[in-house]
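Raw target-v2.txt, compact mmCIF, N, CA and C atoms:
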```
# COMPACT_ATOMS: atom_id res chain seq x y z
N MET A 1 130.67 124.07 136.35
CA MET A 1 130.11 123.51 135.13
C MET A 1 131.18 122.75 134.38
N SER A 2 130.76 121.68 133.70
CA SER A 2 131.71 120.91 132.91
C SER A 2 131.93 121.54 131.56
N GLU A 3 133.06 121.24 131.00
CA GLU A 3 133.42 121.80 129.71
C GLU A 3 132.58 121.11 128.63
N SER A 4 132.05 121.88 127.71
CA SER A 4 131.22 121.29 126.65
C SER A 4 132.09 120.59 125.63
N ALA A 5 131.46 119.72 124.83
CA ALA A 5 132.19 118.99 123.80
C ALA A 5 132.80 119.96 122.79
N ALA A 6 132.10 121.03 122.51
CA ALA A 6 132.62 122.03 121.56
C ALA A 6 133.86 122.70 122.15
N GLY A 7 133.87 122.89 123.45
CA GLY A 7 135.01 123.51 124.10
C GLY A 7 136.22 122.59 124.15
N ARG A 8 135.99 121.27 124.05
CA ARG A 8 137.09 120.30 124.07
C ARG A 8 137.62 120.03 122.66
N GLY A 9 137.19 120.76 121.70
CA GLY A 9 137.68 120.56 120.34
C GLY A 9 136.70 119.79 119.47
N GLY A 10 135.71 119.15 120.08
CA GLY A 10 134.70 118.44 119.29
C GLY A 10 133.62 119.40 118.85
N SER A 11 132.86 119.02 117.87
CA SER A 11 131.74 119.87 117.46
C SER A 11 130.45 119.16 117.82
N LEU A 12 129.58 119.85 118.49
CA LEU A 12 128.31 119.29 118.89
C LEU A 12 127.30 119.49 117.76
N LYS A 13 126.73 118.40 117.29
CA LYS A 13 125.74 118.48 116.21
C LYS A 13 124.40 118.87 116.79
N GLU A 14 123.54 119.35 115.91
CA GLU A 14 122.16 119.63 116.30
C GLU A 14 121.52 118.31 116.73
N PRO A 15 120.55 118.35 117.65
CA PRO A 15 119.94 117.10 118.13
C PRO A 15 119.40 116.21 117.01
N GLY A 16 118.82 116.80 115.99
CA GLY A 16 118.26 116.02 114.89
C GLY A 16 119.30 115.38 114.00
N ASP A 17 120.57 115.77 114.14
CA ASP A 17 121.64 115.24 113.30
C ASP A 17 122.54 114.25 114.04
N ARG A 18 122.19 113.92 115.25
CA ARG A 18 123.00 112.98 116.04
C ARG A 18 122.48 111.57 115.81
N GLY A 19 123.26 110.77 115.13
CA GLY A 19 122.85 109.40 114.84
C GLY A 19 122.60 109.21 113.35
N ARG A 20 122.31 107.97 112.99
CA ARG A 20 122.08 107.63 111.59
C ARG A 20 120.67 107.10 111.41
N THR A 21 120.12 107.32 110.24
CA THR A 21 118.84 106.74 109.88
C THR A 21 119.07 105.82 108.70
N SER A 22 118.63 104.59 108.83
CA SER A 22 118.74 103.66 107.70
C SER A 22 117.34 103.29 107.25
N ILE A 23 117.19 103.18 105.95
CA ILE A 23 115.89 102.86 105.35
C ILE A 23 116.04 101.55 104.59
N SER A 24 115.21 100.58 104.90
CA SER A 24 115.33 99.26 104.28
C SER A 24 114.81 99.28 102.84
N ASP A 25 115.28 98.30 102.08
CA ASP A 25 114.81 98.14 100.69
C ASP A 25 113.29 98.03 100.66
N GLY A 26 112.73 97.28 101.61
CA GLY A 26 111.28 97.05 101.63
C GLY A 26 110.47 98.32 101.79
N VAL A 27 110.98 99.27 102.56
CA VAL A 27 110.27 100.55 102.74
C VAL A 27 110.23 101.30 101.42
N VAL A 28 111.35 101.37 100.74
CA VAL A 28 111.42 102.07 99.45
C VAL A 28 110.54 101.35 98.43
N GLU A 29 110.53 100.02 98.46
CA GLU A 29 109.70 99.24 97.53
C GLU A 29 108.22 99.51 97.74
N LYS A 30 107.78 99.62 98.99
CA LYS A 30 106.37 99.92 99.25
C LYS A 30 105.99 101.31 98.76
N ILE A 31 106.83 102.29 99.03
CA ILE A 31 106.55 103.66 98.59
C ILE A 31 106.47 103.69 97.06
N ALA A 32 107.42 103.05 96.40
CA ALA A 32 107.45 103.05 94.93
C ALA A 32 106.24 102.30 94.36
N GLY A 33 105.88 101.18 94.98
CA GLY A 33 104.73 100.41 94.50
C GLY A 33 103.44 101.19 94.58
N LEU A 34 103.24 101.87 95.69
CA LEU A 34 102.02 102.70 95.83
C LEU A 34 102.03 103.85 94.84
N ALA A 35 103.17 104.49 94.66
CA ALA A 35 103.27 105.62 93.74
C ALA A 35 103.03 105.18 92.29
N ALA A 36 103.53 104.02 91.92
CA ALA A 36 103.33 103.52 90.56
C ALA A 36 101.87 103.20 90.30
N ARG A 37 101.20 102.61 91.29
CA ARG A 37 99.79 102.25 91.12
C ARG A 37 98.88 103.47 90.99
N GLU A 38 99.33 104.62 91.44
CA GLU A 38 98.52 105.84 91.33
C GLU A 38 98.41 106.34 89.89
N VAL A 39 99.29 105.89 89.02
CA VAL A 39 99.34 106.41 87.66
C VAL A 39 98.26 105.76 86.80
N VAL A 40 97.48 106.59 86.13
CA VAL A 40 96.45 106.10 85.22
C VAL A 40 97.12 105.39 84.05
N GLY A 41 96.64 104.19 83.74
CA GLY A 41 97.23 103.38 82.68
C GLY A 41 97.99 102.19 83.22
N VAL A 42 98.34 102.24 84.52
CA VAL A 42 98.97 101.09 85.16
C VAL A 42 97.83 100.19 85.65
N HIS A 43 97.71 99.02 85.03
CA HIS A 43 96.65 98.10 85.42
C HIS A 43 97.02 97.32 86.67
N ALA A 44 98.27 96.87 86.73
CA ALA A 44 98.74 96.06 87.86
C ALA A 44 100.25 96.10 87.89
N MET A 45 100.79 95.54 88.96
CA MET A 45 102.24 95.44 89.13
C MET A 45 102.62 93.98 89.19
N GLY A 46 103.80 93.67 88.70
CA GLY A 46 104.31 92.31 88.80
C GLY A 46 104.17 91.56 87.51
N SER A 47 104.30 90.26 87.62
CA SER A 47 104.31 89.39 86.45
C SER A 47 103.02 89.50 85.66
N GLY A 48 103.16 89.49 84.36
CA GLY A 48 102.00 89.64 83.50
C GLY A 48 101.38 88.36 83.04
N THR A 49 101.91 87.20 83.43
CA THR A 49 101.33 85.96 82.96
C THR A 49 100.02 85.69 83.68
N ALA A 50 99.04 85.25 82.93
CA ALA A 50 97.72 84.97 83.51
C ALA A 50 97.82 83.90 84.58
N LEU A 51 98.69 82.90 84.37
CA LEU A 51 98.83 81.83 85.34
C LEU A 51 99.33 82.35 86.68
N SER A 52 100.36 83.19 86.65
CA SER A 52 100.89 83.71 87.92
C SER A 52 99.90 84.64 88.59
N ARG A 53 99.14 85.40 87.81
CA ARG A 53 98.12 86.27 88.42
C ARG A 53 97.04 85.43 89.06
N THR A 54 96.67 84.31 88.41
CA THR A 54 95.65 83.43 88.97
C THR A 54 96.13 82.82 90.27
N PHE A 55 97.37 82.32 90.29
CA PHE A 55 97.91 81.75 91.54
C PHE A 55 97.96 82.80 92.63
N GLY A 56 98.31 84.02 92.28
CA GLY A 56 98.35 85.10 93.26
C GLY A 56 96.97 85.37 93.83
N ALA A 57 95.95 85.35 92.97
CA ALA A 57 94.59 85.59 93.43
C ALA A 57 94.13 84.47 94.35
N VAL A 58 94.49 83.23 94.04
CA VAL A 58 94.12 82.10 94.88
C VAL A 58 94.81 82.20 96.24
N ARG A 59 96.11 82.51 96.25
CA ARG A 59 96.86 82.64 97.51
C ARG A 59 96.22 83.68 98.42
N GLU A 60 95.71 84.76 97.83
CA GLU A 60 95.12 85.83 98.64
C GLU A 60 93.80 85.41 99.26
N ARG A 61 93.07 84.48 98.64
CA ARG A 61 91.76 84.06 99.14
C ARG A 61 91.85 82.95 100.17
N VAL A 62 92.99 82.25 100.22
CA VAL A 62 93.16 81.14 101.17
C VAL A 62 93.43 81.73 102.55
N PRO A 63 92.66 81.28 103.57
CA PRO A 63 92.92 81.78 104.92
C PRO A 63 94.37 81.50 105.31
N GLY A 64 95.05 82.51 105.79
CA GLY A 64 96.44 82.37 106.19
C GLY A 64 97.40 82.48 105.01
N GLY A 65 96.86 82.66 103.80
CA GLY A 65 97.71 82.77 102.62
C GLY A 65 98.33 84.16 102.54
N GLN A 66 99.23 84.30 101.58
CA GLN A 66 99.90 85.59 101.41
C GLN A 66 98.91 86.63 100.90
N LYS A 67 99.00 87.81 101.42
CA LYS A 67 98.20 88.93 100.94
C LYS A 67 98.95 89.64 99.83
N ALA A 68 98.21 90.33 98.96
CA ALA A 68 98.86 91.09 97.90
C ALA A 68 99.75 92.13 98.54
N SER A 69 100.94 92.20 98.05
CA SER A 69 101.90 93.13 98.61
C SER A 69 101.96 94.37 97.75
N VAL A 70 101.98 95.52 98.39
CA VAL A 70 102.09 96.77 97.63
C VAL A 70 103.45 96.87 96.96
N SER A 71 104.39 96.06 97.40
CA SER A 71 105.72 96.11 96.80
C SER A 71 105.90 95.07 95.70
N ARG A 72 104.85 94.31 95.38
CA ARG A 72 104.97 93.32 94.31
C ARG A 72 105.32 94.02 93.00
N GLY A 73 106.27 93.48 92.29
CA GLY A 73 106.69 94.07 91.04
C GLY A 73 107.72 95.17 91.19
N VAL A 74 108.23 95.36 92.42
CA VAL A 74 109.21 96.42 92.68
C VAL A 74 110.43 95.83 93.37
N LYS A 75 111.59 96.20 92.89
CA LYS A 75 112.85 95.80 93.53
C LYS A 75 113.69 97.05 93.72
N ALA A 76 114.13 97.29 94.95
CA ALA A 76 114.94 98.46 95.25
C ALA A 76 116.31 98.04 95.76
N GLU A 77 117.30 98.81 95.41
CA GLU A 77 118.64 98.69 95.99
C GLU A 77 118.92 100.01 96.67
N VAL A 78 119.01 99.97 97.99
CA VAL A 78 119.15 101.19 98.78
C VAL A 78 120.56 101.29 99.34
N GLY A 79 121.20 102.43 99.09
CA GLY A 79 122.50 102.72 99.67
C GLY A 79 122.36 103.74 100.77
N GLU A 80 123.47 104.36 101.15
CA GLU A 80 123.45 105.36 102.23
C GLU A 80 122.65 106.61 101.85
N VAL A 81 122.83 107.07 100.59
CA VAL A 81 122.17 108.32 100.19
C VAL A 81 121.44 108.21 98.85
N GLN A 82 121.53 107.04 98.19
CA GLN A 82 120.90 106.87 96.89
C GLN A 82 120.15 105.55 96.83
N THR A 83 119.24 105.47 95.87
CA THR A 83 118.52 104.22 95.62
C THR A 83 118.27 104.08 94.13
N ALA A 84 118.16 102.84 93.68
CA ALA A 84 117.81 102.52 92.30
C ALA A 84 116.65 101.54 92.35
N LEU A 85 115.73 101.65 91.39
CA LEU A 85 114.52 100.84 91.42
C LEU A 85 114.28 100.16 90.09
N ASP A 86 113.77 98.92 90.16
CA ASP A 86 113.29 98.18 89.00
C ASP A 86 111.82 97.89 89.23
N LEU A 87 110.97 98.24 88.27
CA LEU A 87 109.54 98.01 88.38
C LEU A 87 109.06 97.17 87.22
N GLU A 88 108.14 96.27 87.49
CA GLU A 88 107.48 95.48 86.46
C GLU A 88 106.01 95.84 86.49
N ILE A 89 105.49 96.32 85.35
CA ILE A 89 104.11 96.78 85.32
C ILE A 89 103.32 96.12 84.20
N ILE A 90 102.01 96.11 84.37
CA ILE A 90 101.06 95.70 83.34
C ILE A 90 100.25 96.95 83.02
N VAL A 91 100.18 97.29 81.74
CA VAL A 91 99.47 98.51 81.35
C VAL A 91 98.12 98.17 80.73
N ASP A 92 97.22 99.14 80.77
CA ASP A 92 95.92 98.99 80.12
C ASP A 92 96.08 99.16 78.62
N TYR A 93 95.33 98.37 77.86
CA TYR A 93 95.37 98.48 76.41
C TYR A 93 94.93 99.88 75.98
N GLY A 94 95.63 100.43 75.00
CA GLY A 94 95.24 101.72 74.42
C GLY A 94 96.03 102.90 74.96
N VAL A 95 96.73 102.73 76.06
CA VAL A 95 97.50 103.85 76.61
C VAL A 95 98.85 103.92 75.91
N SER A 96 99.46 105.08 75.95
CA SER A 96 100.82 105.23 75.44
C SER A 96 101.78 104.70 76.50
N ILE A 97 102.46 103.60 76.18
CA ILE A 97 103.38 103.00 77.14
C ILE A 97 104.48 103.98 77.51
N ARG A 98 104.95 104.73 76.53
CA ARG A 98 106.00 105.73 76.81
C ARG A 98 105.51 106.77 77.82
N ASP A 99 104.28 107.26 77.63
CA ASP A 99 103.73 108.26 78.55
C ASP A 99 103.49 107.68 79.94
N VAL A 100 102.98 106.45 80.00
CA VAL A 100 102.74 105.81 81.30
C VAL A 100 104.06 105.60 82.02
N ALA A 101 105.08 105.13 81.30
CA ALA A 101 106.39 104.90 81.92
C ALA A 101 106.98 106.20 82.46
N ARG A 102 106.85 107.27 81.69
CA ARG A 102 107.35 108.57 82.13
C ARG A 102 106.61 109.03 83.38
N ALA A 103 105.29 108.88 83.39
CA ALA A 103 104.49 109.30 84.55
C ALA A 103 104.82 108.45 85.78
N VAL A 104 105.04 107.15 85.58
CA VAL A 104 105.41 106.28 86.69
C VAL A 104 106.74 106.72 87.27
N ARG A 105 107.73 106.96 86.39
CA ARG A 105 109.05 107.41 86.87
C ARG A 105 108.93 108.69 87.68
N GLU A 106 108.19 109.66 87.14
CA GLU A 106 108.05 110.95 87.82
C GLU A 106 107.38 110.78 89.18
N ASN A 107 106.31 110.00 89.25
CA ASN A 107 105.57 109.82 90.49
C ASN A 107 106.40 109.04 91.52
N VAL A 108 107.08 108.00 91.07
CA VAL A 108 107.90 107.19 91.97
C VAL A 108 109.06 108.01 92.51
N ILE A 109 109.77 108.71 91.63
CA ILE A 109 110.91 109.51 92.08
C ILE A 109 110.47 110.57 93.07
N SER A 110 109.37 111.25 92.76
CA SER A 110 108.87 112.29 93.65
C SER A 110 108.53 111.74 95.03
N ALA A 111 107.79 110.63 95.05
CA ALA A 111 107.35 110.06 96.33
C ALA A 111 108.54 109.54 97.15
N VAL A 112 109.43 108.79 96.51
CA VAL A 112 110.56 108.20 97.24
C VAL A 112 111.49 109.29 97.77
N GLU A 113 111.81 110.27 96.93
CA GLU A 113 112.73 111.33 97.38
C GLU A 113 112.10 112.18 98.49
N ARG A 114 110.81 112.47 98.37
CA ARG A 114 110.13 113.29 99.38
C ARG A 114 110.05 112.57 100.71
N MET A 115 109.72 111.27 100.67
CA MET A 115 109.50 110.54 101.91
C MET A 115 110.79 110.05 102.57
N THR A 116 111.82 109.76 101.77
CA THR A 116 113.03 109.16 102.33
C THR A 116 114.23 110.08 102.37
N GLY A 117 114.25 111.10 101.50
CA GLY A 117 115.42 111.95 101.40
C GLY A 117 116.53 111.32 100.57
N LEU A 118 116.31 110.10 100.08
CA LEU A 118 117.29 109.44 99.23
C LEU A 118 117.20 110.00 97.81
N GLU A 119 118.33 110.03 97.12
CA GLU A 119 118.33 110.42 95.72
C GLU A 119 118.03 109.17 94.89
N VAL A 120 117.02 109.25 94.03
CA VAL A 120 116.69 108.13 93.15
C VAL A 120 117.53 108.31 91.89
N VAL A 121 118.48 107.39 91.67
CA VAL A 121 119.39 107.53 90.54
C VAL A 121 118.81 106.95 89.26
N GLU A 122 117.92 105.95 89.37
CA GLU A 122 117.26 105.42 88.17
C GLU A 122 116.02 104.64 88.56
N VAL A 123 115.07 104.64 87.64
CA VAL A 123 113.87 103.82 87.76
C VAL A 123 113.72 103.08 86.44
N ASN A 124 114.03 101.80 86.45
CA ASN A 124 113.91 100.96 85.25
C ASN A 124 112.53 100.31 85.26
N ILE A 125 111.85 100.36 84.11
CA ILE A 125 110.49 99.85 84.02
C ILE A 125 110.42 98.77 82.96
N ALA A 126 109.92 97.60 83.34
CA ALA A 126 109.67 96.51 82.40
C ALA A 126 108.16 96.36 82.27
N VAL A 127 107.66 96.52 81.07
CA VAL A 127 106.24 96.31 80.81
C VAL A 127 106.08 94.84 80.43
N SER A 128 105.44 94.06 81.30
CA SER A 128 105.37 92.62 81.10
C SER A 128 104.09 92.15 80.43
N ASP A 129 103.08 93.02 80.35
CA ASP A 129 101.82 92.60 79.73
C ASP A 129 100.95 93.83 79.46
N VAL A 130 99.95 93.61 78.60
CA VAL A 130 98.93 94.62 78.31
C VAL A 130 97.59 94.00 78.67
N LYS A 131 96.82 94.68 79.48
CA LYS A 131 95.48 94.22 79.87
C LYS A 131 94.51 94.61 78.78
N LEU A 132 93.96 93.60 78.10
CA LEU A 132 93.01 93.84 77.02
C LEU A 132 91.63 94.12 77.60
N PRO A 133 90.82 94.91 76.88
CA PRO A 133 89.50 95.28 77.42
C PRO A 133 88.58 94.09 77.69
N ASP A 134 88.66 93.02 76.87
CA ASP A 134 87.76 91.88 77.04
C ASP A 134 88.36 90.78 77.91
N GLU A 135 89.55 91.01 78.44
CA GLU A 135 90.21 90.03 79.30
C GLU A 135 89.62 90.11 80.71
N PRO A 136 89.25 88.95 81.29
CA PRO A 136 88.71 89.01 82.66
C PRO A 136 89.81 89.38 83.65
N ASP A 137 89.42 90.03 84.72
CA ASP A 137 90.35 90.38 85.80
C ASP A 137 90.45 89.20 86.73
N GLU A 138 91.59 88.49 86.67
CA GLU A 138 91.78 87.37 87.58
C GLU A 138 92.16 87.88 88.96
N GLU A 139 92.82 89.01 89.01
CA GLU A 139 93.34 89.53 90.28
C GLU A 139 93.12 91.03 90.32
N PRO A 140 91.93 91.46 90.72
CA PRO A 140 91.68 92.90 90.75
C PRO A 140 92.59 93.60 91.74
N GLU A 141 93.07 94.75 91.33
CA GLU A 141 93.90 95.56 92.23
C GLU A 141 93.16 96.85 92.54
N THR A 142 93.32 97.32 93.71
CA THR A 142 92.68 98.57 94.11
C THR A 142 93.49 99.73 93.54
N ARG A 143 92.85 100.57 92.78
CA ARG A 143 93.53 101.73 92.22
C ARG A 143 93.44 102.86 93.24
N LEU A 144 94.53 103.52 93.45
CA LEU A 144 94.58 104.64 94.38
C LEU A 144 94.45 105.94 93.59
N HIS A 145 93.44 106.70 93.89
CA HIS A 145 93.28 108.00 93.19
C HIS A 145 93.24 109.12 94.18
```
Would you mind writing the file out in structure tokens?
Amino acid sequence: MSESAAGRGGSLKEPGDRGRTSISDGVVEKIAGLAAREVVGVHAMGSGTALSRTFGAVRERVPGGQKASVSRGVKAEVGEVQTALDLEIIVDYGVSIRDVARAVRENVISAVERMTGLEVVEVNIAVSDVKLPDEPDEEPETRLH
């Protein structure tokens, strides 16, 4: 029998610990985007200007055009063991922005840490617009419940 790596002075890692796993920014952005949309009071993600929402809705209806991305409104910086996130959200009129932001942070951190094992060091939230009750929906988003 040949001498094992441990017997030669090396330490043999468990099979699941041999090698590295890297997670792209886009993966973390998708997880965070879905988690943010689950929060009641978040109307949409991304830019709050009516013009940009209208252009986005048109692009989605054009054959071969860009589809709505679950990561829209989310930017992640992923390191070896940590990540930081910036989110841009549109909230529904009448909700407490402070409470919605807190719930978004909690849901995003929970989902990203559970699914990736990365430590989320910060989640910065920019509220770019408020959806008024009488405002038409130019770009309906599917709410995940």
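Atom pair CA of Ala36 (chain A) / CA of Val127 (chain A): separated by 12.5 Å.
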List the spatial neighbours of region 103-118 of chain A as a ChimeraX atom specification - criterion: any atom at most 6 Å away, all atoms listed in the file, same-chain residues fewer than 6 positions off excluded. /A:31-32,35-36,81-83
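Separating CA of Glu77 (chain A) from CA of Lys30 (chain A) is a distance of 12.8 Å.
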Rounded to one decimal place, report the CA of Ile23 (chain A)-atom C of Arg98 (chain A) distance in Å.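 Separation between CA of Ile23 (chain A) and atom C of Arg98 (chain A): 29.7 Å.
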Taking all atoms of region 102-113 of chain A that appear in the file, build a box with edges along x, y and z, extend it by 8 Å on every side, and state its centre and edge lengths in Å to one decimal, as lines of an AutoDock Vina configuration file.
```
center_x = 108.6
center_y = 109.3
center_z = 90.1
size_x = 24.2
size_y = 22.0
size_z = 32.8
```
Determine the nearest neighbour of Ala126 (chain A) from the options A:Asp99, A:Asp86, A:Glu38, A:Asp92, counting only C-alpha atoms. A:Asp86
With only N, CA and C atoms as the basis for distance, which of A:Leu132, A:Ala44, A:Ala76, A:Leu85 is at the shortest distance from Val120 (chain A)?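 Smallest distance to Val120 (chain A) is found for A:Leu85.
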Compare A:Ile97, A:Ser47, A:Ile89, A:Glu29 by their minimum atom-to-atom distance to Lys75 (chain A), counting all atoms listed in the file, and give me the closest one.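 The closest residue to Lys75 (chain A) is A:Glu29.
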So, with all atoms listed in the file as the atoms that count, which of A:Ser11, A:Ile90, A:Val39, A:Val78 lies closest to Gly26 (chain A)?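 Using all atoms listed in the file, the shortest distance to Gly26 (chain A) belongs to A:Val78.
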Need to verify the contact set: Tyr93 (chain A), 8 Å, all atoms listed in the file, exclusion of same-chain residues closer than 2 positions in sequence. Can you return it as a PyMOL selection string? chain A and resi 41+43+90-91+95-96+129-133
